[in-house]
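Peer 1: Below are the structure tokens for one structure; questions will follow.
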Amino acid sequence: MHEKSIAVLNEAVADEMSAVHQYMYFHFHCDDQGYDLLADLFKRTAIEEMIHVERLAERILFLKGDVEMVVADEVQKIQEIDKMLQCARKMEEDSARQYNQWANECGANADSVSKKLFEDLVADEERHYDQYDTELENLAKFGDRYLALQSIERARNRAAGPPAN
């Protein structure tokens, strides 16, 4: 009865799994380069995407489907900060557009709960898009100084030692 919903929910799982892998790759490289704020942004987004996978999987199982834990895309080996942010912004934009379409499909197939799930995911993806867009604006406005400040802040925090309890 809900085969179409299960199919698009599994496509969303693949999309979210790809995002988790891509954002963790970006997190590792930002962390390695000393850009703690961006590294943290990518890590937090990856965690949110994992939560999306869980919500999608729960819905699939409720509909008596099976969760296909596949990845839609391979990790792009991007190490330049501006290109990372552009990639992330595009990923979020594409997901929001696709999830809007799937919300409409689920609604047309009398599956209002999956429709609502996709609508909620759209709101999260649009928020992520805005975060990456803001970071790109900061990078355009401040250039390398923006990244240098992150590295300096990291060095200062590490020099201060661990926080006292």
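Chain labels run A, B, ... following the order of the structure tokens; each chain numbers its residues from 1, and ligands are numbered from 1 in the order shown.
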Give one line per residue of segment 37-99 of chain A that approaches segment 2-24 of chain A to at most 8 Å, naming the two atoms of the closest pair and their distance in Å to one decimal, counting only C-alpha atoms; sort by chain then ascending residue number and deliver it as a tab-separated table.
Peer 2:
residue	atom	partner	partner_atom	distance
A:Phe42	CA	A:Tyr23	CA	5.2
A:Lys43	CA	A:Met24	CA	6.0
A:Thr45	CA	A:Tyr23	CA	7.1
A:Ala46	CA	A:Val20	CA	4.6
A:Ile47	CA	A:Val20	CA	7.3
A:Glu49	CA	A:Glu16	CA	5.7
A:Met50	CA	A:Val20	CA	6.6
A:His52	CA	A:Glu16	CA	7.0
A:Val53	CA	A:Val13	CA	5.4
A:Leu56	CA	A:Leu9	CA	6.1
A:Ala57	CA	A:Val13	CA	7.4
A:Arg59	CA	A:Leu9	CA	7.9
A:Ile60	CA	A:Ile6	CA	5.6
A:Leu63	CA	A:His2	CA	6.7
A:Gly65	CA	A:Ile6	CA	6.2
A:Val67	CA	A:Asn10	CA	6.4
A:Glu68	CA	A:Asn10	CA	6.1
A:Met69	CA	A:Ala14	CA	6.7
A:Val70	CA	A:Ala14	CA	5.2
A:Val71	CA	A:Ala14	CA	4.6
A:Ala72	CA	A:Ala14	CA	4.8
A:Asp73	CA	A:Ser18	CA	5.7
A:Glu74	CA	A:Ser18	CA	7.0
A:Val75	CA	A:Gln22	CA	5.2
A:Gln76	CA	A:Gln22	CA	6.9
A:Ala88	CA	A:Tyr23	CA	7.8
A:Met91	CA	A:Ala19	CA	7.7
A:Ser95	CA	A:Asp15	CA	7.6
A:Tyr99	CA	A:Ala12	CA	7.8
Peer 1: Could you work out how far atom CA of Ala96 of chain A lies from atom CA of Glu125 of chain A, giving the answer in Å with one decimal?
Peer 2: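 Atom CA of Ala96 of chain A lies 5.6 Å from atom CA of Glu125 of chain A.
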Peer 1: Please extract the residues of chain A with a backbone DSSP assignment of helix (DSSP H, G or I) and present them as a ChimeraX atom specification.
Peer 2: /A:3-33,36-62,81-108,112-142,144-160
Peer 1: What is the atom CA of Glu92 of chain A-atom CA of Tyr129 of chain A distance in Å, reported with one decimal?
Peer 2: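 Computing the Euclidean distance for atom CA of Glu92 of chain A and atom CA of Tyr129 of chain A yields 5.3 Å.
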Peer 1: Which one of A:Leu136, A:Ile81, A:Leu61, A:Ile51 sits closest to Tyr35 of chain A if you count only C-alpha atoms?
Peer 2: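 Among A:Leu136, A:Ile81, A:Leu61, A:Ile51, it is A:Ile81 that comes nearest to Tyr35 of chain A.
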Peer 1: With only C-alpha atoms as the basis for distance, which of A:Glu119, A:Glu48, A:Asp66, A:Asp133 is at the shortest distance from Gln101 of chain A?
Peer 2: A:Glu119
Peer 1: Could you please determine the separation between atom CA of Asp124 of chain A and atom CA of Glu137 of chain A in Å, to one decimal place?
Peer 2: 20.0 Å
Peer 1: For each of A:Phe142, A:Phe118, A:Phe62, A:Tyr132, take the minimum atom-to-atom distance to Glu93 of chain A, counting only C-alpha atoms, then give the residue where this is smallest.
Peer 2: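 Looking only at the distances to Glu93 of chain A, the closest residue turns out to be A:Tyr132.
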Peer 1: Determine the nearest neighbour of Gln150 of chain A from the options A:Asp31, A:Glu54, A:Gln79, A:Asp130, counting only C-alpha atoms.
Peer 2: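 Among the listed residues, the smallest separation from Gln150 of chain A belongs to A:Asp31.
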